[in-house]
Each structure stands twice: as structure tokens, then as C-alpha cells.
$ cat entry.cif   # mmCIF, C-alpha atoms; chains and numbers go by the auth columns
data_entry
#
loop_
_atom_site.group_PDB
_atom_site.id
_atom_site.type_symbol
_atom_site.label_atom_id
_atom_site.label_comp_id
_atom_site.label_asym_id
_atom_site.label_seq_id
_atom_site.Cartn_x
_atom_site.Cartn_y
_atom_site.Cartn_z
_atom_site.B_iso_or_equiv
_atom_site.auth_seq_id
_atom_site.auth_asym_id
ATOM 1 C CA MET A 1 0.000 0.000 0.000 0.00 1333 A
ATOM 2 C CA THR A 2 1.374 3.424 -0.938 0.00 1334 A
ATOM 3 C CA THR A 3 1.550 6.484 1.304 0.00 1335 A
ATOM 4 C CA PHE A 4 -1.339 8.012 -0.629 0.00 1336 A
ATOM 5 C CA GLU A 5 -3.457 4.859 -0.187 0.00 1337 A
ATOM 6 C CA ARG A 6 -2.759 4.805 3.556 0.00 1338 A
ATOM 7 C CA ILE A 7 -3.794 8.455 3.891 0.00 1339 A
ATOM 8 C CA LYS A 8 -6.920 7.827 1.836 0.00 1340 A
ATOM 9 C CA LYS A 9 -7.820 4.861 4.092 0.00 1341 A
ATOM 10 C CA LEU A 10 -7.277 6.933 7.252 0.00 1342 A
ATOM 11 C CA ALA A 11 -9.441 9.739 5.889 0.00 1343 A
ATOM 12 C CA LYS A 12 -12.221 7.311 4.966 0.00 1344 A
ATOM 13 C CA ASN A 13 -12.137 5.709 8.420 0.00 1345 A
ATOM 14 C CA ARG A 14 -12.388 9.130 10.033 0.00 1346 A
ATOM 15 C CA GLY A 15 -15.204 10.154 7.693 0.00 1347 A
ATOM 16 C CA VAL A 16 -13.412 13.081 6.061 0.00 1348 A
ATOM 17 C CA THR A 17 -12.440 13.803 2.482 0.00 1349 A
ATOM 18 C CA LEU A 18 -8.878 14.247 1.318 0.00 1350 A
ATOM 19 C CA GLN A 19 -9.769 17.801 0.325 0.00 1351 A
ATOM 20 C CA LYS A 20 -10.894 18.518 3.901 0.00 1352 A
ATOM 21 C CA VAL A 21 -7.678 17.038 5.287 0.00 1353 A
ATOM 22 C CA ALA A 22 -5.610 19.164 2.913 0.00 1354 A
ATOM 23 C CA ASN A 23 -7.566 22.314 3.775 0.00 1355 A
ATOM 24 C CA GLU A 24 -7.335 21.735 7.531 0.00 1356 A
ATOM 25 C CA LEU A 25 -3.578 21.236 7.236 0.00 1357 A
ATOM 26 C CA GLY A 26 -3.146 24.339 5.080 0.00 1358 A
ATOM 27 C CA PHE A 27 -2.076 22.348 2.001 0.00 1359 A
ATOM 28 C CA GLY A 28 -3.149 23.004 -1.562 0.00 1360 A
ATOM 29 C CA GLU A 29 -6.118 20.848 -2.563 0.00 1361 A
ATOM 30 C CA SER A 30 -4.024 18.730 -4.943 0.00 1362 A
ATOM 31 C CA THR A 31 -1.085 18.209 -2.569 0.00 1363 A
ATOM 32 C CA LEU A 32 -2.194 14.826 -1.255 0.00 1364 A
ATOM 33 C CA TYR A 33 -3.136 13.599 -4.732 0.00 1365 A
ATOM 34 C CA LYS A 34 0.375 14.413 -5.987 0.00 1366 A
ATOM 35 C CA TRP A 35 1.642 11.823 -3.520 0.00 1367 A
ATOM 36 C CA LYS A 36 0.290 9.108 -5.789 0.00 1368 A
ATOM 37 C CA LYS A 37 3.426 9.604 -7.907 0.00 1369 A
ATOM 38 C CA GLN A 38 5.731 11.830 -5.829 0.00 1370 A
ATOM 39 C CA THR A 39 7.498 11.297 -2.540 0.00 1371 A
ATOM 40 C CA PRO A 40 6.043 13.667 0.063 0.00 1372 A
ATOM 41 C CA ASN A 41 8.105 16.303 1.827 0.00 1373 A
ATOM 42 C CA GLY A 42 9.027 15.205 5.365 0.00 1374 A
ATOM 43 C CA GLU A 43 7.468 18.291 6.976 0.00 1375 A
ATOM 44 C CA TYR A 44 4.146 17.705 5.195 0.00 1376 A
ATOM 45 C CA LEU A 45 4.245 14.005 6.005 0.00 1377 A
ATOM 46 C CA ALA A 46 4.745 14.778 9.707 0.00 1378 A
ATOM 47 C CA LYS A 47 1.712 17.108 9.654 0.00 1379 A
ATOM 48 C CA VAL A 48 -0.444 14.368 8.122 0.00 1380 A
ATOM 49 C CA ALA A 49 0.817 11.840 10.688 0.00 1381 A
ATOM 50 C CA ASP A 50 -0.038 14.221 13.526 0.00 1382 A
ATOM 51 C CA TYR A 51 -3.467 14.915 12.023 0.00 1383 A
ATOM 52 C CA PHE A 52 -4.339 11.211 11.956 0.00 1384 A
ATOM 53 C CA HIS A 53 -2.441 10.369 15.149 0.00 1385 A
ATOM 54 C CA VAL A 54 -0.286 7.780 13.437 0.00 1386 A
ATOM 55 C CA SER A 55 3.454 7.563 12.960 0.00 1387 A
ATOM 56 C CA VAL A 56 5.313 8.722 9.876 0.00 1388 A
ATOM 57 C CA ASP A 57 6.606 5.146 9.685 0.00 1389 A
ATOM 58 C CA TYR A 58 3.026 3.922 9.303 0.00 1390 A
ATOM 59 C CA LEU A 59 2.400 6.383 6.459 0.00 1391 A
ATOM 60 C CA LEU A 60 5.600 5.227 4.765 0.00 1392 A
ATOM 61 C CA GLY A 61 4.659 1.549 5.142 0.00 1393 A
ATOM 62 C CA ARG A 62 7.370 0.745 7.670 0.00 1394 A
ATOM 63 C CA GLU A 63 4.891 -0.402 10.321 0.00 1395 A
ATOM 64 C CA ASN A 64 1.389 -1.822 10.132 0.00 1396 A
ATOM 65 C CA SER A 65 -0.365 -0.367 13.178 0.00 1397 A
ATOM 66 C CA ASP A 66 -2.654 2.550 12.385 0.00 1398 A
ATOM 67 C CA SER A 67 -5.065 2.322 15.329 0.00 1399 A
ATOM 68 C CA VAL A 68 -7.973 2.093 12.869 0.00 1400 A
ATOM 69 C CA SER A 69 -10.029 0.028 15.301 0.00 1401 A
ATOM 70 C CA ASP A 70 -9.666 2.824 17.882 0.00 1402 A
ATOM 71 C CA GLN A 71 -10.789 5.334 15.254 0.00 1403 A
ATOM 72 C CA LYS A 72 -13.862 3.276 14.319 0.00 1404 A
ATOM 73 C CA ASP A 73 -14.766 2.723 17.975 0.00 1405 A
ATOM 74 C CA LEU A 74 -14.415 6.424 18.782 0.00 1406 A
ATOM 75 C CA LYS A 75 -16.373 7.506 15.690 0.00 1407 A
ATOM 76 C CA LYS A 76 -19.204 5.108 16.555 0.00 1408 A
ATOM 77 C CA PHE A 77 -19.230 6.248 20.183 0.00 1409 A
ATOM 78 C CA LEU A 78 -19.400 9.911 19.209 0.00 1410 A
ATOM 79 C CA ASP A 79 -22.055 9.306 16.544 0.00 1411 A
ATOM 80 C CA ASP A 80 -24.173 7.356 19.019 0.00 1412 A
ATOM 81 C CA ASN A 81 -23.860 9.790 21.897 0.00 1413 A
ATOM 82 C CA LEU A 82 -23.753 13.270 20.392 0.00 1414 A
ATOM 83 C CA ASN A 83 -27.343 12.876 19.205 0.00 1415 A
ATOM 84 C CA TYR A 84 -28.382 13.403 22.808 0.00 1416 A
ATOM 85 C CA GLY A 85 -26.197 16.459 23.426 0.00 1417 A
ATOM 86 C CA MET A 86 -27.605 19.812 24.362 0.00 1418 A
ATOM 87 C CA THR A 87 -26.182 23.282 24.671 0.00 1419 A
ATOM 88 C CA TYR A 88 -25.862 25.047 28.016 0.00 1420 A
ATOM 89 C CA ASP A 89 -29.319 26.574 27.540 0.00 1421 A
ATOM 90 C CA GLY A 90 -31.015 23.217 26.903 0.00 1422 A
ATOM 91 C CA GLN A 91 -31.244 23.506 23.108 0.00 1423 A
ATOM 92 C CA ASN A 92 -30.319 20.544 20.897 0.00 1424 A
ATOM 93 C CA LEU A 93 -26.902 20.743 19.295 0.00 1425 A
ATOM 94 C CA THR A 94 -26.885 21.745 15.640 0.00 1426 A
ATOM 95 C CA ASP A 95 -25.169 19.470 13.112 0.00 1427 A
ATOM 96 C CA GLU A 96 -22.329 22.004 12.871 0.00 1428 A
ATOM 97 C CA GLU A 97 -21.877 22.010 16.659 0.00 1429 A
ATOM 98 C CA LYS A 98 -21.849 18.204 16.694 0.00 1430 A
ATOM 99 C CA GLU A 99 -19.130 18.129 14.028 0.00 1431 A
ATOM 100 C CA ARG A 100 -17.011 20.659 15.905 0.00 1432 A
ATOM 101 C CA LEU A 101 -17.448 18.680 19.100 0.00 1433 A
ATOM 102 C CA LYS A 102 -16.479 15.444 17.333 0.00 1434 A
ATOM 103 C CA ILE A 103 -13.282 17.040 16.031 0.00 1435 A
ATOM 104 C CA ALA A 104 -12.375 18.462 19.438 0.00 1436 A
ATOM 105 C CA LEU A 105 -13.096 15.220 21.305 0.00 1437 A
ATOM 106 C CA THR A 106 -11.199 13.166 18.730 0.00 1438 A
ATOM 107 C CA GLN A 107 -8.149 15.399 19.058 0.00 1439 A
ATOM 108 C CA VAL A 108 -8.242 15.186 22.862 0.00 1440 A
ATOM 109 C CA PHE A 109 -8.695 11.416 22.766 0.00 1441 A
ATOM 110 C CA TYR A 110 -5.753 10.801 20.452 0.00 1442 A
ATOM 111 C CA LYS A 111 -3.500 13.228 22.283 0.00 1443 A
ATOM 112 C CA TYR A 112 -4.140 11.420 25.575 0.00 1444 A
ATOM 113 C CA LYS A 113 -5.239 7.967 24.379 0.00 1445 A
ATOM 114 C CA ASP A 114 -2.543 6.137 26.366 0.00 1446 A
ATOM 115 C CA LYS A 115 -4.099 7.549 29.546 0.00 1447 A
ATOM 116 C CA PHE A 116 -7.542 6.204 28.528 0.00 1448 A
ATOM 117 C CA LYS A 117 -6.333 2.618 28.174 0.00 1449 A
ATOM 118 C CA LYS A 118 -7.603 0.150 30.727 0.00 1450 A
ATOM 119 C CA ASP A 119 -4.940 -1.730 32.699 0.00 1451 A
#
$ encode --input "entry.cif" --output "C-alpha cells"
Amino acid sequence: MTTFERIKKLAKNRGVTLQKVANELGFGESTLYKWKKQTPNGEYLAKVADYFHVSVDYLLGRENSDSVSDQKDLKKFLDDNLNYGMTYDGQNLTDEEKERLKIALTQVFYKYKDKFKKD
């Protein structure tokens, strides 16, 4: 599997498009697609690895662990539970608020995921 294919798989598992990933990272929209045939710049590759909470070695195919099962479990948990969320004034969350909350909670989870593991 190529670096591009790994990134595409990670994006699909997280439920985001490659264009969204590129935009959120401040890349040009075609940057990730160029990686089908070009070797990515190390700085850009590190940003993508941080975004998906995987190692650069995973993106380069040097290791197989991508924590996809964690990503699917977290996505399902958030999808199941954010439907019941309310704002501080008792109003239902809008779809936009739910998406923002999902992004924030996902980032917190992956930053501290080792602390969430059960012993």
C-alpha cells in the first residue's frame, strides 16, 4: 500500500475527504493527490501523521499499526452519543456544533489515548 493509499484509508475511516484534510492542514487541494506519484516532503508528512495520530513510519509503510479500530470505535461512540447532546441553555446541538465537538473530542482522545487505556 502506498503512502497516498494509507492516507486515503485513514481519511475514509475518520469520515473526512482528502480535500478537507488538505484544507485543515493548510495544504493546496491537490497536494495529497500528488503523492500518488511523488514522494512527500518530510514536513508535510509529519503534519499528516499528527493529524491522523499515526506515525510517519506507518504512512511510509514501515509499520502496520494505524489504530484504525480505535478510530472506528471512537467515531461510533461519538455518533451514538452526540445525538443526545444539548447546549448550556437546553437547546439541541446543531449538526455544525456536533461536528465541531467530534473534532475536538477526537483530538483530545488521540493526544491522551494512552491515559484512557484500561490496565
$ closest_residue --input "entry.cif" --among "A:Ala1378, A:Leu1391, A:Leu1414, A:Ala1436" --to "Thr1334 of chain A" --atoms "all atoms listed in the file"
A:Leu1391
$ atom_distance --input "entry.cif" --atom1 "atom CA of Asn1396 of chain A" --atom2 "atom CA of Ser1362 of chain A"
26.1 Å
$ atom_distance --input "entry.cif" --atom1 "atom CA of Asp1382 of chain A" --atom2 "atom CA of Gly1417 of chain A"
28.1 Å
$ atom_distance --input "entry.cif" --atom1 "atom CA of Tyr1365 of chain A" --atom2 "atom CA of Leu1392 of chain A"
15.4 Å
$ resolve_selection --input "entry.cif" --expression "the PyMOL selection byres ((chain A and resi 1434) around 12)" --output "PyMOL selection string"
chain A and resi 1346-1348+1403+1406-1415+1417+1425+1427-1433+1435-1441
$ residues_around --input "entry.cif" --residues "Val1353 of chain A" --least-positions-apart "3" --cutoff "10 Å" --atoms "all atoms listed in the file" --output "PyMOL selection string"
chain A and resi 1339-1340+1343+1348-1350+1356-1359+1361+1364+1380+1383-1384
$ closest_residue --input "entry.cif" --among "A:Asn1345, A:Asn1424, A:Gln1351, A:Gly1374" --to "Asp1389 of chain A" --atoms "only C-alpha atoms"
A:Gly1374
$ resolve_selection --input "entry.cif" --expression "the PyMOL selection byres ((chain A and resi 1335) around 12)" --output "count of residues only"
31
$ axis_aligned_box --input "entry.cif" --around "segment 1359-1378 of chain A" --padding-each-side "4 Å" --output "AutoDock Vina command-line options"
--center_x 1.5 --center_y 16.1 --center_z 0.9 --size_x 23.1 --size_y 21.9 --size_z 25.6
$ decode --input "entry.cif" --residues "segment 1335-1420 of chain A" --atoms "C-alpha atoms" --output "PDB file, in the first residue's frame"
ATOM      1  CA  THR A1335       1.550   6.484   1.304  1.00  0.00           C
ATOM      2  CA  PHE A1336      -1.339   8.012  -0.629  1.00  0.00           C
ATOM      3  CA  GLU A1337      -3.457   4.859  -0.187  1.00  0.00           C
ATOM      4  CA  ARG A1338      -2.759   4.805   3.556  1.00  0.00           C
ATOM      5  CA  ILE A1339      -3.794   8.455   3.891  1.00  0.00           C
ATOM      6  CA  LYS A1340      -6.920   7.827   1.836  1.00  0.00           C
ATOM      7  CA  LYS A1341      -7.820   4.861   4.092  1.00  0.00           C
ATOM      8  CA  LEU A1342      -7.277   6.933   7.252  1.00  0.00           C
ATOM      9  CA  ALA A1343      -9.441   9.739   5.889  1.00  0.00           C
ATOM     10  CA  LYS A1344     -12.221   7.311   4.966  1.00  0.00           C
ATOM     11  CA  ASN A1345     -12.137   5.709   8.420  1.00  0.00           C
ATOM     12  CA  ARG A1346     -12.388   9.130  10.033  1.00  0.00           C
ATOM     13  CA  GLY A1347     -15.204  10.154   7.693  1.00  0.00           C
ATOM     14  CA  VAL A1348     -13.412  13.081   6.061  1.00  0.00           C
ATOM     15  CA  THR A1349     -12.440  13.803   2.482  1.00  0.00           C
ATOM     16  CA  LEU A1350      -8.878  14.247   1.318  1.00  0.00           C
ATOM     17  CA  GLN A1351      -9.769  17.801   0.325  1.00  0.00           C
ATOM     18  CA  LYS A1352     -10.894  18.518   3.901  1.00  0.00           C
ATOM     19  CA  VAL A1353      -7.678  17.038   5.287  1.00  0.00           C
ATOM     20  CA  ALA A1354      -5.610  19.164   2.913  1.00  0.00           C
ATOM     21  CA  ASN A1355      -7.566  22.314   3.775  1.00  0.00           C
ATOM     22  CA  GLU A1356      -7.335  21.735   7.531  1.00  0.00           C
ATOM     23  CA  LEU A1357      -3.578  21.236   7.236  1.00  0.00           C
ATOM     24  CA  GLY A1358      -3.146  24.339   5.080  1.00  0.00           C
ATOM     25  CA  PHE A1359      -2.076  22.348   2.001  1.00  0.00           C
ATOM     26  CA  GLY A1360      -3.149  23.004  -1.562  1.00  0.00           C
ATOM     27  CA  GLU A1361      -6.118  20.848  -2.563  1.00  0.00           C
ATOM     28  CA  SER A1362      -4.024  18.730  -4.943  1.00  0.00           C
ATOM     29  CA  THR A1363      -1.085  18.209  -2.569  1.00  0.00           C
ATOM     30  CA  LEU A1364      -2.194  14.826  -1.255  1.00  0.00           C
ATOM     31  CA  TYR A1365      -3.136  13.599  -4.732  1.00  0.00           C
ATOM     32  CA  LYS A1366       0.375  14.413  -5.987  1.00  0.00           C
ATOM     33  CA  TRP A1367       1.642  11.823  -3.520  1.00  0.00           C
ATOM     34  CA  LYS A1368       0.290   9.108  -5.789  1.00  0.00           C
ATOM     35  CA  LYS A1369       3.426   9.604  -7.907  1.00  0.00           C
ATOM     36  CA  GLN A1370       5.731  11.830  -5.829  1.00  0.00           C
ATOM     37  CA  THR A1371       7.498  11.297  -2.540  1.00  0.00           C
ATOM     38  CA  PRO A1372       6.043  13.667   0.063  1.00  0.00           C
ATOM     39  CA  ASN A1373       8.105  16.303   1.827  1.00  0.00           C
ATOM     40  CA  GLY A1374       9.027  15.205   5.365  1.00  0.00           C
ATOM     41  CA  GLU A1375       7.468  18.291   6.976  1.00  0.00           C
ATOM     42  CA  TYR A1376       4.146  17.705   5.195  1.00  0.00           C
ATOM     43  CA  LEU A1377       4.245  14.005   6.005  1.00  0.00           C
ATOM     44  CA  ALA A1378       4.745  14.778   9.707  1.00  0.00           C
ATOM     45  CA  LYS A1379       1.712  17.108   9.654  1.00  0.00           C
ATOM     46  CA  VAL A1380      -0.444  14.368   8.122  1.00  0.00           C
ATOM     47  CA  ALA A1381       0.817  11.840  10.688  1.00  0.00           C
ATOM     48  CA  ASP A1382      -0.038  14.221  13.526  1.00  0.00           C
ATOM     49  CA  TYR A1383      -3.467  14.915  12.023  1.00  0.00           C
ATOM     50  CA  PHE A1384      -4.339  11.211  11.956  1.00  0.00           C
ATOM     51  CA  HIS A1385      -2.441  10.369  15.149  1.00  0.00           C
ATOM     52  CA  VAL A1386      -0.286   7.780  13.437  1.00  0.00           C
ATOM     53  CA  SER A1387       3.454   7.563  12.960  1.00  0.00           C
ATOM     54  CA  VAL A1388       5.313   8.722   9.876  1.00  0.00           C
ATOM     55  CA  ASP A1389       6.606   5.146   9.685  1.00  0.00           C
ATOM     56  CA  TYR A1390       3.026   3.922   9.303  1.00  0.00           C
ATOM     57  CA  LEU A1391       2.400   6.383   6.459  1.00  0.00           C
ATOM     58  CA  LEU A1392       5.600   5.227   4.765  1.00  0.00           C
ATOM     59  CA  GLY A1393       4.659   1.549   5.142  1.00  0.00           C
ATOM     60  CA  ARG A1394       7.370   0.745   7.670  1.00  0.00           C
ATOM     61  CA  GLU A1395       4.891  -0.402  10.321  1.00  0.00           C
ATOM     62  CA  ASN A1396       1.389  -1.822  10.132  1.00  0.00           C
ATOM     63  CA  SER A1397      -0.365  -0.367  13.178  1.00  0.00           C
ATOM     64  CA  ASP A1398      -2.654   2.550  12.385  1.00  0.00           C
ATOM     65  CA  SER A1399      -5.065   2.322  15.329  1.00  0.00           C
ATOM     66  CA  VAL A1400      -7.973   2.093  12.869  1.00  0.00           C
ATOM     67  CA  SER A1401     -10.029   0.028  15.301  1.00  0.00           C
ATOM     68  CA  ASP A1402      -9.666   2.824  17.882  1.00  0.00           C
ATOM     69  CA  GLN A1403     -10.789   5.334  15.254  1.00  0.00           C
ATOM     70  CA  LYS A1404     -13.862   3.276  14.319  1.00  0.00           C
ATOM     71  CA  ASP A1405     -14.766   2.723  17.975  1.00  0.00           C
ATOM     72  CA  LEU A1406     -14.415   6.424  18.782  1.00  0.00           C
ATOM     73  CA  LYS A1407     -16.373   7.506  15.690  1.00  0.00           C
ATOM     74  CA  LYS A1408     -19.204   5.108  16.555  1.00  0.00           C
ATOM     75  CA  PHE A1409     -19.230   6.248  20.183  1.00  0.00           C
ATOM     76  CA  LEU A1410     -19.400   9.911  19.209  1.00  0.00           C
ATOM     77  CA  ASP A1411     -22.055   9.306  16.544  1.00  0.00           C
ATOM     78  CA  ASP A1412     -24.173   7.356  19.019  1.00  0.00           C
ATOM     79  CA  ASN A1413     -23.860   9.790  21.897  1.00  0.00           C
ATOM     80  CA  LEU A1414     -23.753  13.270  20.392  1.00  0.00           C
ATOM     81  CA  ASN A1415     -27.343  12.876  19.205  1.00  0.00           C
ATOM     82  CA  TYR A1416     -28.382  13.403  22.808  1.00  0.00           C
ATOM     83  CA  GLY A1417     -26.197  16.459  23.426  1.00  0.00           C
ATOM     84  CA  MET A1418     -27.605  19.812  24.362  1.00  0.00           C
ATOM     85  CA  THR A1419     -26.182  23.282  24.671  1.00  0.00           C
ATOM     86  CA  TYR A1420     -25.862  25.047  28.016  1.00  0.00           C
TER      87      TYR A1420
END
